[in-house]
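What follows is a short report on a single structure.
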2 protein chains.
Amino acid sequence: MVRYLIEPDPGLALRDVNSPTGSRILREGIHLMDELGLEAFTFKKLAERIGSTEVTVYNYFANKQRLLQYYYQVYWLWLAVHCEQEGRLLKDPYERLCGDIRALCGIWSTDHRAGQFDPQLLRKLVVNEGAKSFLHKNVDSDNELKLFKPYKDLCAHIAAEVKACAPRLRTARSFATTLVEMSHSLEFAMEHLPALTELSAKHDRKQLAAYLIDLTDRFVHER
Amino acid sequence: MVRYLIEPDPGLALRDVNSPTGSRILREGIHLMDELGLEAFTFKKLAERIGSTEVTVYNYFANKQRLLQYYYQVYWLWLAVHCEQEGRLLKDPYERLCGDIRALCGIWSTDHRAGQFDPQLLRKLVVNEGAKSFLHKNVDSDNELKLFKPYKDLCAHIAAEVKACAPRLRTARSFATTLVEMSHSLEFAMEHLPALTELSAKHDRKQLAAYLIDLTDRFVHER
DNA sequence: GGTGCAAATATAGTAATACTATAACGGGAA
DNA sequence: TTCCCGTTATAGTATTACTATATTTGCACC
């Protein structure tokens, strides 16, 4: 098992999360946030779970949104490393793009950990709660703090591969964002609102990837 | 000025919102929720704004999520009526689909009100806060209560028109959902995260519609 | 081995939030 | 007139999201 080195923005945490306590906060926090959802998740409950106190947790993260944004960054940083490594083996940009799409859909060839996190759990959290990282009134100030940089960087990477497949295309970035967003919101729909998609039946990520690859196929191939 | 008759699920409100107080709650609520965002919005602040008390508001809606879901329903019901009316004038399914996409992007030919609401304000609220209608732990029970029916119905309507354009397509519903979702998340990106799209420059909804129509064009036309 | 210093953790408290229980009012029907 | 019901108000509670301040712990340096 390989472990990627992932370093989220140091401004997100108030203290070094590599300390024993910081590490437990991160490790248990992702499970608790996933179980309760962001609204019901509190630092008090997390403190109880790790046998510590509320204030201890507040000394590591200013609030629960920042903790979510930490996981959000880890996820996109991990995905970028994963895409980059897989892509190195492939010469054809279209093949690389298909690999990226499969990665967006959670189809991963390896069991590489994202730092101390299980990437499948990270993806589940991002699918269910990720949008709350930016869907709030502080989105502009958070954006100035570069908190969404890993997400944007991955979109830019995918846009570059779209562009490589279809150099004359003028909406590569919008299309890359479409792929990234839909890989998550269709997964949510498959799980909770199956009327929105044909892909629901088997909860099969391969179907999801196949749909997005088909979309890409039709979009990038010049006619 | 025409006013469409829009009737959200009666289970959403606890009382008849056509009463003078109910009407003021709805009318001022949308402005306050838009100004503060769902997190900072409280029934106490709304009560102060309409010169009433917190409990009065609680007697109309069980909680602020239900109020948001009320607006969410009104928006999709309104859009469905709008699409249906515009579509009646057009014979060609592809033309109807393009009209629907423009409607999704907020390009509306008329100033038809959505009940007592300004549809542009409704759309702004749905773009910024709408996802919180379903992105929570109660999504499955809310779905059983049919709270997302208007949204699903519009997706189904658009899927039917996609199918009419490309009868052999087997992912019409997923593609309809893609159009609906991206018409909102790209608008959010244009406003707050412009790195994600080329469409930002002029904040121009026509560009947004043009991108989605181009996507549709490439997707539905058989090759 | 003692001193200083900073990181880490704890105790205690506060303002606001998201409600609920219960009471009072007010206007129309029997 | 009284009963009833829709409406609004008063008062309170448990929880949340923090902050101010105190105490402990580890370890670098003399």
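Residues are named by chain letter and number: chains run A, B, ... in the order of the structure tokens, numbers start at 1 in each chain, and ligands are numbered from 1 in the order shown.
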Each residue of chain C lying at most 10 Å from chain B should get a row with its shortest atom-to-atom pair and the distance in Å to one decimal, counting only C-alpha atoms (C1' of nucleotides); could you produce that, ordered by chain and increasing number, as a tab-separated table?
residue	atom	partner	partner_atom	distance
C:DT17	C1'	B:Thr42	CA	8.0
C:DA18	C1'	B:Asn63	CA	8.3
C:DC19	C1'	B:Asn63	CA	8.8
C:DT20	C1'	B:Val55	CA	9.8
Review point. Neighbours of region 113-126 of chain A within 10 Å (only C-alpha atoms (C1' of nucleotides); same-chain residues fewer than 3 positions away dropped), as a ChimeraX atom specification?
Key: /A:1-7,23,26-27,30-31,33-35,37-38,68-69,71-79,81-82,104-108,110,129-133,184,187-188
Check your understanding: Taking only C-alpha atoms (C1' of nucleotides) into account, what are the residues of chain D at most 10 Å from chain A, put as a PyMOL selection string?
Key -> chain D and resi 16-19
Create the file for the chosen residues now, containing N, CA and C atoms (P, O5', C5', C4', C3', O3' and C1' of nucleotides) and written as a compact mmCIF listing (two decimals), in the first residue's frame.
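Ended up saving to again16.txt:
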# COMPACT_ATOMS: atom_id res chain seq x y z
P DT D 16 -26.11 20.06 19.83
O5' DT D 16 -25.75 21.51 19.29
C5' DT D 16 -26.71 22.23 18.52
C4' DT D 16 -26.14 23.57 18.15
C3' DT D 16 -24.68 23.57 17.72
O3' DT D 16 -24.59 24.34 16.53
C1' DT D 16 -25.00 25.15 19.44
P DA D 17 -23.32 24.24 15.58
O5' DA D 17 -22.48 25.54 15.93
C5' DA D 17 -23.06 26.82 15.73
C4' DA D 17 -22.17 27.84 16.39
C3' DA D 17 -20.67 27.63 16.14
O3' DA D 17 -20.05 28.90 15.95
C1' DA D 17 -21.07 27.77 18.42
P DC D 18 -18.75 29.02 15.03
O5' DC D 18 -17.47 28.93 15.82
C5' DC D 18 -16.88 29.08 17.05
C4' DC D 18 -17.49 30.04 18.01
C3' DC D 18 -16.43 30.69 18.87
O3' DC D 18 -16.07 31.94 18.32
C1' DC D 18 -18.26 29.85 20.16
P DT D 19 -14.61 32.55 18.61
O5' DT D 19 -14.66 32.99 20.15
C5' DT D 19 -15.61 33.94 20.60
C4' DT D 19 -15.29 34.29 22.04
C3' DT D 19 -13.81 34.58 22.31
O3' DT D 19 -13.73 35.75 23.11
C1' DT D 19 -14.58 32.87 23.76
Practice item. Using only C-alpha atoms, determine which residues of chain A fall within 7 Å of chain B; present them as a ChimeraX atom specification. Key: /A:37,128,135-137,140,152,155,171,173-174,177-178,182,192,195-198,215,218-219
Atoms kept (C-alpha atoms) for selection, written as a compact mmCIF listing (two decimals), in the first residue's frame:
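Output file selection.txt is given in full below:
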# COMPACT_ATOMS: atom_id res chain seq x y z
CA GLY A 37 -24.06 15.10 8.15
CA ASN A 128 -22.88 14.20 0.26
CA LEU A 135 -22.34 27.10 -0.99
CA HIS A 136 -22.47 29.81 1.67
CA LYS A 137 -22.16 33.55 2.09
CA ASP A 140 -15.91 34.97 -1.98
CA LYS A 152 -9.94 24.40 -9.51
CA CYS A 155 -10.77 21.16 -13.24
CA THR A 171 -15.53 25.77 -23.75
CA ARG A 173 -13.13 24.57 -18.89
CA SER A 174 -16.92 24.66 -18.70
CA THR A 177 -16.50 21.51 -14.69
CA THR A 178 -19.53 19.72 -16.12
CA MET A 182 -21.93 15.59 -12.67
CA HIS A 192 -31.19 9.24 -3.25
CA ALA A 195 -35.93 9.22 -10.82
CA LEU A 196 -33.32 11.67 -12.11
CA THR A 197 -31.23 9.11 -13.93
CA GLU A 198 -31.28 5.74 -15.69
CA LEU A 215 -20.91 12.59 -23.17
CA ARG A 218 -19.78 13.15 -28.40
CA PHE A 219 -18.50 16.50 -27.17
Study note, to complete from the structure: For Tyr94 (chain A), the closest of A:Ala160, A:Val57, A:Val17, A:Val180 counting only C-alpha atoms is A:Ala160
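Residues in contact with Asp100 (chain B) at up to 9 Å, not including ones fewer than 2 positions away on its chain and judged by only C-alpha atoms (C1' of nucleotides), are Leu79, Ala80, His82, Cys83, Glu84, Glu86, Gly87, Glu95, Arg96, Leu97, Cys98, Arg102, Ala103, Leu104, Cys105 and Ile158 of chain B.
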So which residues touch region 1-3 of chain D within 10 Å, counting only C-alpha atoms (C1' of nucleotides), skipping near sequence neighbours fewer than 2 positions away, as a PDB file with C-alpha atoms (C1' of nucleotides), in the first residue's frame?
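Printed below is selection-v1.pdb as written:
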ATOM      1  C1'  DA C  29     -71.444  29.822  14.360  1.00  0.00           C
ATOM      2  C1'  DA C  30     -74.950  27.491  17.235  1.00  0.00           C
TER       3       DA C  30
ATOM      4  C1'  DC D   5     -61.084  27.428  16.308  1.00  0.00           C
TER       5       DC D   5
END
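The space between C1' of DT25 (chain D) and C1' of DC5 (chain C) spans 11.8 Å.
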Point to revise | Which residue of A:Thr56, A:Leu14, A:Asp9, A:Gln65 approaches DA8 (chain C) most closely, using only C-alpha atoms (C1' of nucleotides) | key: A:Thr56
